[in-house]
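Asks: Here you go, this is input-v7.txt (compact mmCIF, C-alpha atoms).
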```txt
# COMPACT_ATOMS: atom_id res chain seq x y z
CA MET G 1 0.00 0.00 0.00
CA ASP G 2 1.23 3.50 -0.78
CA THR G 3 -0.12 6.27 1.47
CA ASP G 4 1.04 9.61 0.12
CA GLN G 5 -0.63 12.49 1.88
CA GLY G 6 1.62 14.90 -0.01
CA THR G 7 -0.60 14.31 -3.04
CA GLY G 8 -3.51 12.86 -1.09
CA TRP G 9 -3.45 9.39 -2.64
CA THR G 10 -3.68 5.96 -1.03
CA ALA G 11 -3.15 2.91 -3.20
CA ALA G 12 -2.95 -0.83 -2.61
CA VAL G 13 -2.54 -4.01 -4.63
CA TRP G 14 -3.69 -7.48 -3.65
CA VAL G 15 -1.50 -10.34 -4.75
CA ALA G 16 -2.06 -14.11 -4.67
CA LYS G 17 0.52 -16.85 -5.11
CA ASN G 18 0.06 -20.04 -7.09
CA PRO G 19 1.86 -22.51 -4.79
CA ASN G 20 2.45 -24.96 -7.65
CA THR G 21 4.33 -22.51 -9.88
CA SER G 22 5.46 -19.79 -7.42
CA THR G 23 3.81 -17.28 -9.74
CA PHE G 24 2.30 -14.17 -8.14
CA TYR G 25 -0.84 -12.50 -9.47
CA VAL G 26 -1.94 -8.92 -8.85
CA TYR G 27 -5.68 -9.56 -8.83
CA ASP G 28 -7.14 -6.42 -7.27
CA PHE G 29 -6.24 -2.84 -6.42
CA TYR G 30 -7.44 0.18 -4.50
CA LYS G 31 -6.60 3.76 -5.34
CA ARG G 32 -8.31 6.71 -3.77
CA GLU G 33 -7.52 10.37 -3.33
CA ARG G 34 -8.21 12.33 -0.16
CA ALA G 35 -10.22 10.06 2.10
CA GLU G 36 -10.35 9.48 5.82
CA LEU G 37 -8.56 6.56 7.46
CA ALA G 38 -11.91 4.81 8.08
CA VAL G 39 -12.64 4.81 4.34
CA HIS G 40 -9.28 3.21 3.57
CA VAL G 41 -9.68 0.66 6.38
CA ALA G 42 -13.12 -0.36 5.08
CA ALA G 43 -11.72 -0.83 1.57
CA LEU G 44 -8.80 -2.90 2.84
CA LYS G 45 -10.98 -5.08 5.04
CA ALA G 46 -13.50 -5.63 2.25
CA ARG G 47 -10.93 -7.70 0.36
CA GLY G 48 -10.20 -9.81 3.43
CA ALA G 49 -9.36 -8.56 6.90
CA TRP G 50 -7.04 -11.56 7.33
CA ILE G 51 -4.74 -10.48 4.46
CA PRO G 52 -1.44 -9.01 5.71
CA GLY G 53 0.14 -6.04 4.01
CA VAL G 54 2.94 -3.51 3.86
CA ALA G 55 2.42 0.24 3.67
CA ASP G 56 4.52 3.31 3.06
CA ALA G 57 3.50 6.04 5.43
CA ALA G 58 6.70 8.07 5.19
CA ALA G 59 5.07 10.79 3.11
CA LEU G 60 3.18 11.77 6.25
CA ARG G 61 6.34 12.20 8.25
CA VAL G 62 6.60 15.42 10.16
CA THR G 63 8.51 13.77 13.00
CA GLU G 64 10.33 10.44 13.09
CA LYS G 65 7.37 8.76 14.80
CA ASP G 66 4.65 9.81 12.32
CA ALA G 67 4.96 6.83 9.96
CA GLU G 68 4.84 4.34 12.84
CA GLN G 69 1.89 6.19 14.38
CA LEU G 70 -0.10 5.91 11.16
CA ILE G 71 0.72 2.21 10.91
CA ALA G 72 -0.41 1.86 14.54
CA LEU G 73 -3.76 3.45 13.64
CA TYR G 74 -4.25 0.89 10.84
CA ARG G 75 -3.29 -1.94 13.21
CA ALA G 76 -5.72 -0.65 15.85
CA ALA G 77 -8.43 -0.76 13.16
CA GLY G 78 -7.68 -4.45 12.56
CA ILE G 79 -5.32 -4.24 9.57
CA ASP G 80 -2.23 -6.51 9.71
CA ILE G 81 0.30 -4.09 8.28
CA MET G 82 3.97 -3.14 8.56
CA LEU G 83 6.35 -0.64 6.96
CA PRO G 84 8.01 -1.91 3.75
CA ASP G 85 11.52 -2.03 2.40
CA LYS G 86 11.33 0.99 0.09
CA SER G 87 14.57 0.36 -1.82
CA VAL G 88 13.88 2.00 -5.16
CA GLU G 89 16.55 0.62 -7.52
CA ALA G 90 16.65 -2.85 -5.96
CA GLY G 91 12.84 -2.88 -5.87
CA LEU G 92 12.58 -1.86 -9.51
CA TYR G 93 15.12 -4.50 -10.51
CA ASP G 94 13.34 -7.23 -8.53
CA THR G 95 9.91 -6.23 -9.85
CA TRP G 96 11.10 -6.03 -13.47
CA SER G 97 12.87 -9.39 -13.12
CA MET G 98 9.69 -11.04 -11.84
CA LEU G 99 7.54 -9.46 -14.56
CA SER G 100 10.04 -10.43 -17.28
CA ALA G 101 10.28 -14.02 -16.06
CA GLY G 102 6.51 -14.37 -15.84
CA ARG G 103 6.67 -14.84 -12.06
CA LEU G 104 4.57 -11.69 -11.49
CA LYS G 105 1.44 -11.23 -13.56
CA VAL G 106 -1.43 -8.75 -13.42
CA PHE G 107 -5.08 -9.54 -14.09
CA SER G 108 -6.42 -7.63 -17.08
CA SER G 109 -9.23 -6.32 -14.84
CA CYS G 110 -6.66 -4.09 -13.07
CA GLY G 111 -6.88 -1.31 -15.68
CA PRO G 112 -5.54 1.52 -13.49
CA TRP G 113 -2.46 -0.60 -12.74
CA PHE G 114 -1.76 -0.84 -16.48
CA ASP G 115 -2.47 2.89 -16.91
CA GLU G 116 0.31 3.66 -14.43
CA TYR G 117 2.63 1.00 -15.86
CA ARG G 118 2.38 2.48 -19.36
CA ILE G 119 3.60 5.90 -18.20
CA TYR G 120 6.13 4.70 -15.59
CA ARG G 121 9.49 6.07 -16.74
CA ARG G 122 12.75 7.77 -15.89
CA ASP G 123 13.61 11.40 -16.57
CA GLU G 124 16.63 12.62 -18.56
CA LYS G 125 18.82 12.26 -15.44
CA GLY G 126 17.76 8.65 -14.88
CA PHE G 127 15.45 9.25 -11.93
CA VAL G 128 12.00 7.69 -11.73
CA VAL G 129 9.34 10.28 -12.54
CA LYS G 130 7.23 10.54 -9.38
CA ALA G 131 3.81 11.15 -10.93
CA ASN G 132 0.77 8.86 -10.96
CA ASP G 133 2.85 5.94 -9.69
CA HIS G 134 1.09 4.84 -6.51
CA LEU G 135 0.09 1.37 -7.72
CA MET G 136 3.62 0.91 -9.06
CA ASP G 137 5.02 1.81 -5.63
CA ALA G 138 2.59 -0.58 -3.94
CA THR G 139 3.68 -3.36 -6.32
CA ARG G 140 7.36 -2.66 -5.58
CA TYR G 141 6.64 -2.76 -1.83
CA PHE G 142 4.94 -6.11 -2.30
CA VAL G 143 7.96 -7.50 -4.15
CA ARG G 144 10.47 -6.24 -1.57
CA SER G 145 8.48 -6.94 1.61
CA GLY G 146 5.10 -8.51 0.96
CA ILE G 147 6.16 -11.82 -0.59
CA ARG G 148 7.36 -13.12 2.77
CA ARG G 149 4.08 -12.01 4.39
CA ILE G 150 1.75 -13.98 2.10
CA LYS G 151 -0.36 -16.49 3.96
CA VAL G 152 -3.21 -18.89 3.26
CA LYS G 153 -6.68 -17.84 4.32
CA PRO G 154 -7.37 -19.30 7.75
CA VAL G 155 -10.09 -21.92 7.86
CA PRO G 156 -12.30 -21.87 10.97
CA ARG G 157 -11.94 -24.99 13.09
CA PRO G 158 -15.08 -27.13 13.06
CA THR G 159 -15.68 -26.42 16.75
CA GLU G 160 -15.69 -22.66 16.16
CA ALA G 161 -18.66 -20.74 14.92
CA PRO G 162 -17.86 -19.07 11.59
CA LYS G 163 -16.75 -15.48 11.92
CA VAL G 164 -18.93 -12.89 10.23
CA PHE G 165 -17.51 -9.77 8.65
CA SER G 166 -19.64 -6.67 8.64
CA ALA G 167 -18.66 -3.93 6.22
CA TRP G 168 -19.31 -0.25 6.76
CA SER G 169 -22.75 0.75 5.66
```
Represent the structure contained in this file as structure tokens.
Replies:
Amino acid sequence: MDTDQGTGWTAAVWVAKNPNTSTFYVYDFYKRERAELAVHVAALKARGAWIPGVADAAALRVTEKDAEQLIALYRAAGIDIMLPDKSVEAGLYDTWSMLSAGRLKVFSSCGPWFDEYRIYRRDEKGFVVKANDHLMDATRYFVRSGIRRIKVKPVPRPTEAPKVFSAWS
């Protein structure tokens, strides 16, 4: 997830792993400008409150503790989240390697992801152009930090009553 209050955007990608091929699939996304934390939490939980994630909250940093405090707010709201490894060049290399090898694929239904991918580029000095790249950042965070956090959906034990999820209404 990329939370960039400097531009007001929050973006996330959901990725599943095929355990037989070790191929990862971006199957869903979330991208929203200027919304309250509760709106983002509801969107994240709607895809599965059990799904762990990584999130960049550094854009909110006014003091050293701000990023951790935002992550703490998401955790308090029931989101399993941690700060990612934000290595840009290593992350770009790893992501490109996975895409090129067919180990990372994106569902065609993720149109905004492809919109960003098509314009993702470097400037004349070789720096990544930081414009409309939030889903790209979220994908890079997944590759650098989220792969090791993937888990299988928990199945309720037969002696437990099934848990019910209630979305915001």
Asks: Find the spatial neighbours of stretch 11-15 of chain G, counting all atoms listed in the file, within a cut-off of 8 Å - ignore same-chain residues fewer than 3 positions away - and output them as a ChimeraX atom specification.
Replies: /G:1-3,24-32,134-135,138-139
Asks: Could you jot down the atom CA of G:Glu116 to atom CA of G:Met136 separation for me, Å, one decimal place?
Replies: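 Between atom CA of G:Glu116 and atom CA of G:Met136 the gap is 6.9 Å.
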Asks: Within 12 Å of stretch 145-150 of chain G, which residues of stretch 42-138 of chain G show up? Give each one with its shortest atom-to-atom distance in Å (one decimal) and the two atoms involved, counting only C-alpha atoms, rows by chain then rising residue number, as a Markdown table.
Replies:
```
| residue | atom | partner | partner_atom | distance |
| --- | --- | --- | --- | --- |
| G:Trp50 | CA | G:Ile150 | CA | 10.5 |
| G:Ile51 | CA | G:Ile150 | CA | 7.7 |
| G:Pro52 | CA | G:Arg149 | CA | 6.4 |
| G:Gly53 | CA | G:Gly146 | CA | 6.3 |
| G:Val54 | CA | G:Gly146 | CA | 6.2 |
| G:Ala55 | CA | G:Gly146 | CA | 9.5 |
| G:Asp56 | CA | G:Ser145 | CA | 11.1 |
| G:Asp80 | CA | G:Arg149 | CA | 9.9 |
| G:Ile81 | CA | G:Arg149 | CA | 9.6 |
| G:Met82 | CA | G:Ser145 | CA | 9.1 |
| G:Leu83 | CA | G:Ser145 | CA | 8.5 |
| G:Pro84 | CA | G:Ser145 | CA | 5.5 |
| G:Asp85 | CA | G:Ser145 | CA | 5.8 |
| G:Lys86 | CA | G:Ser145 | CA | 8.6 |
| G:Ser87 | CA | G:Ser145 | CA | 10.1 |
| G:Ala90 | CA | G:Ser145 | CA | 11.9 |
| G:Gly91 | CA | G:Ser145 | CA | 9.6 |
| G:Asp94 | CA | G:Ser145 | CA | 11.2 |
| G:Thr95 | CA | G:Ile147 | CA | 11.4 |
| G:Met98 | CA | G:Ile147 | CA | 11.8 |
| G:Arg103 | CA | G:Ile147 | CA | 11.9 |
| G:Leu104 | CA | G:Ile147 | CA | 11.0 |
| G:Asp137 | CA | G:Ser145 | CA | 11.9 |
| G:Ala138 | CA | G:Gly146 | CA | 9.7 |
```
Asks: Keeping C-alpha atoms, export the residues of the selection given above as a PDB file, in the coordinates of the input.
Replies:
```pdb
ATOM      1  CA  TRP G  50      -7.040 -11.560   7.330  1.00  0.00           C
ATOM      2  CA  ILE G  51      -4.740 -10.480   4.460  1.00  0.00           C
ATOM      3  CA  PRO G  52      -1.440  -9.010   5.710  1.00  0.00           C
ATOM      4  CA  GLY G  53       0.140  -6.040   4.010  1.00  0.00           C
ATOM      5  CA  VAL G  54       2.940  -3.510   3.860  1.00  0.00           C
ATOM      6  CA  ALA G  55       2.420   0.240   3.670  1.00  0.00           C
ATOM      7  CA  ASP G  56       4.520   3.310   3.060  1.00  0.00           C
ATOM      8  CA  ASP G  80      -2.230  -6.510   9.710  1.00  0.00           C
ATOM      9  CA  ILE G  81       0.300  -4.090   8.280  1.00  0.00           C
ATOM     10  CA  MET G  82       3.970  -3.140   8.560  1.00  0.00           C
ATOM     11  CA  LEU G  83       6.350  -0.640   6.960  1.00  0.00           C
ATOM     12  CA  PRO G  84       8.010  -1.910   3.750  1.00  0.00           C
ATOM     13  CA  ASP G  85      11.520  -2.030   2.400  1.00  0.00           C
ATOM     14  CA  LYS G  86      11.330   0.990   0.090  1.00  0.00           C
ATOM     15  CA  SER G  87      14.570   0.360  -1.820  1.00  0.00           C
ATOM     16  CA  ALA G  90      16.650  -2.850  -5.960  1.00  0.00           C
ATOM     17  CA  GLY G  91      12.840  -2.880  -5.870  1.00  0.00           C
ATOM     18  CA  ASP G  94      13.340  -7.230  -8.530  1.00  0.00           C
ATOM     19  CA  THR G  95       9.910  -6.230  -9.850  1.00  0.00           C
ATOM     20  CA  MET G  98       9.690 -11.040 -11.840  1.00  0.00           C
ATOM     21  CA  ARG G 103       6.670 -14.840 -12.060  1.00  0.00           C
ATOM     22  CA  LEU G 104       4.570 -11.690 -11.490  1.00  0.00           C
ATOM     23  CA  ASP G 137       5.020   1.810  -5.630  1.00  0.00           C
ATOM     24  CA  ALA G 138       2.590  -0.580  -3.940  1.00  0.00           C
TER      25      ALA G 138
END
```
Asks: What's the 8 Å shell around G:Gly8, counting only C-alpha atoms, without same-chain residues fewer than 6 positions away, as a list in words?
Replies: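 Once the adjacent positions are removed, what remains is Glu33, Arg34 and Ala35 of chain G.
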Asks: Atom CA of G:Asp133 to atom CA of G:Tyr120: how many Å, to one decimal?
Replies: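 For atom CA of G:Asp133 relative to atom CA of G:Tyr120, the distance reads 6.9 Å.
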Asks: So how far away is atom CA of G:Leu99 from atom CA of G:Tyr141, in Å?
Replies: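 It comes out at 14.4 Å.
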Asks: Write stretch 68-97 of chain G as an mmCIF file, keeping the file's coordinate frame, completed to N, CA and C atoms.
Replies:
```
data_model
loop_
_atom_site.group_PDB
_atom_site.id
_atom_site.type_symbol
_atom_site.label_atom_id
_atom_site.label_comp_id
_atom_site.auth_asym_id
_atom_site.auth_seq_id
_atom_site.Cartn_x
_atom_site.Cartn_y
_atom_site.Cartn_z
ATOM 1 N N GLU G 68 5.218 5.426 11.929
ATOM 2 C CA GLU G 68 4.840 4.340 12.840
ATOM 3 C C GLU G 68 3.484 4.609 13.488
ATOM 4 N N GLN G 69 3.184 5.870 13.775
ATOM 5 C CA GLN G 69 1.890 6.190 14.380
ATOM 6 C C GLN G 69 0.749 5.913 13.420
ATOM 7 N N LEU G 70 0.941 6.217 12.134
ATOM 8 C CA LEU G 70 -0.100 5.910 11.160
ATOM 9 C C LEU G 70 -0.290 4.411 11.034
ATOM 10 N N ILE G 71 0.809 3.673 10.972
ATOM 11 C CA ILE G 71 0.720 2.210 10.910
ATOM 12 C C ILE G 71 0.000 1.691 12.145
ATOM 13 N N ALA G 72 0.273 2.271 13.303
ATOM 14 C CA ALA G 72 -0.410 1.860 14.540
ATOM 15 C C ALA G 72 -1.912 2.097 14.457
ATOM 16 N N LEU G 73 -2.325 3.185 13.807
ATOM 17 C CA LEU G 73 -3.760 3.450 13.640
ATOM 18 C C LEU G 73 -4.412 2.362 12.769
ATOM 19 N N TYR G 74 -3.732 1.975 11.682
ATOM 20 C CA TYR G 74 -4.250 0.890 10.840
ATOM 21 C C TYR G 74 -4.322 -0.418 11.626
ATOM 22 N N ARG G 75 -3.299 -0.704 12.397
ATOM 23 C CA ARG G 75 -3.290 -1.940 13.210
ATOM 24 C C ARG G 75 -4.435 -1.914 14.221
ATOM 25 N N ALA G 76 -4.640 -0.773 14.866
ATOM 26 C CA ALA G 76 -5.720 -0.650 15.850
ATOM 27 C C ALA G 76 -7.084 -0.866 15.191
ATOM 28 N N ALA G 77 -7.175 -0.568 13.903
ATOM 29 C CA ALA G 77 -8.430 -0.760 13.160
ATOM 30 C C ALA G 77 -8.550 -2.189 12.618
ATOM 31 N N GLY G 78 -7.580 -3.047 12.954
ATOM 32 C CA GLY G 78 -7.680 -4.450 12.560
ATOM 33 C C GLY G 78 -6.959 -4.819 11.276
ATOM 34 N N ILE G 79 -6.078 -3.958 10.785
ATOM 35 C CA ILE G 79 -5.320 -4.240 9.570
ATOM 36 C C ILE G 79 -3.937 -4.759 9.969
ATOM 37 N N ASP G 80 -3.551 -5.921 9.444
ATOM 38 C CA ASP G 80 -2.230 -6.510 9.710
ATOM 39 C C ASP G 80 -1.249 -5.881 8.725
ATOM 40 N N ILE G 81 -0.519 -4.890 9.191
ATOM 41 C CA ILE G 81 0.300 -4.090 8.280
ATOM 42 C C ILE G 81 1.640 -3.739 8.925
ATOM 43 N N MET G 82 2.657 -3.562 8.087
ATOM 44 C CA MET G 82 3.970 -3.140 8.560
ATOM 45 C C MET G 82 4.602 -2.229 7.501
ATOM 46 N N LEU G 83 5.631 -1.497 7.907
ATOM 47 C CA LEU G 83 6.350 -0.640 6.960
ATOM 48 C C LEU G 83 7.174 -1.502 6.012
ATOM 49 N N PRO G 84 7.286 -1.096 4.731
ATOM 50 C CA PRO G 84 8.010 -1.910 3.750
ATOM 51 C C PRO G 84 9.480 -1.517 3.608
ATOM 52 N N ASP G 85 10.199 -2.377 2.914
ATOM 53 C CA ASP G 85 11.520 -2.030 2.400
ATOM 54 C C ASP G 85 11.246 -1.179 1.167
ATOM 55 N N LYS G 86 11.643 0.074 1.187
ATOM 56 C CA LYS G 86 11.330 0.990 0.090
ATOM 57 C C LYS G 86 12.489 1.181 -0.884
ATOM 58 N N SER G 87 13.427 0.256 -0.904
ATOM 59 C CA SER G 87 14.570 0.360 -1.820
ATOM 60 C C SER G 87 14.068 0.563 -3.242
ATOM 61 N N VAL G 88 14.409 1.687 -3.832
ATOM 62 C CA VAL G 88 13.880 2.000 -5.160
ATOM 63 C C VAL G 88 14.566 1.174 -6.238
ATOM 64 N N GLU G 89 15.869 1.313 -6.412
ATOM 65 C CA GLU G 89 16.550 0.620 -7.520
ATOM 66 C C GLU G 89 16.479 -0.893 -7.364
ATOM 67 N N ALA G 90 16.733 -1.399 -6.169
ATOM 68 C CA ALA G 90 16.650 -2.850 -5.960
ATOM 69 C C ALA G 90 15.214 -3.329 -6.162
ATOM 70 N N GLY G 91 14.247 -2.529 -5.697
ATOM 71 C CA GLY G 91 12.840 -2.880 -5.870
ATOM 72 C C GLY G 91 12.427 -2.889 -7.329
ATOM 73 N N LEU G 92 12.887 -1.893 -8.087
ATOM 74 C CA LEU G 92 12.580 -1.860 -9.510
ATOM 75 C C LEU G 92 13.201 -3.047 -10.235
ATOM 76 N N TYR G 93 14.441 -3.360 -9.892
ATOM 77 C CA TYR G 93 15.120 -4.500 -10.510
ATOM 78 C C TYR G 93 14.371 -5.799 -10.195
ATOM 79 N N ASP G 94 14.041 -6.001 -8.932
ATOM 80 C CA ASP G 94 13.340 -7.230 -8.530
ATOM 81 C C ASP G 94 11.966 -7.334 -9.204
ATOM 82 N N THR G 95 11.250 -6.228 -9.240
ATOM 83 C CA THR G 95 9.910 -6.230 -9.850
ATOM 84 C C THR G 95 10.012 -6.502 -11.348
ATOM 85 N N TRP G 96 10.923 -5.820 -12.025
ATOM 86 C CA TRP G 96 11.100 -6.030 -13.470
ATOM 87 C C TRP G 96 11.531 -7.464 -13.759
ATOM 88 N N SER G 97 12.414 -8.006 -12.934
ATOM 89 C CA SER G 97 12.870 -9.390 -13.120
ATOM 90 C C SER G 97 11.702 -10.365 -13.009
#
```
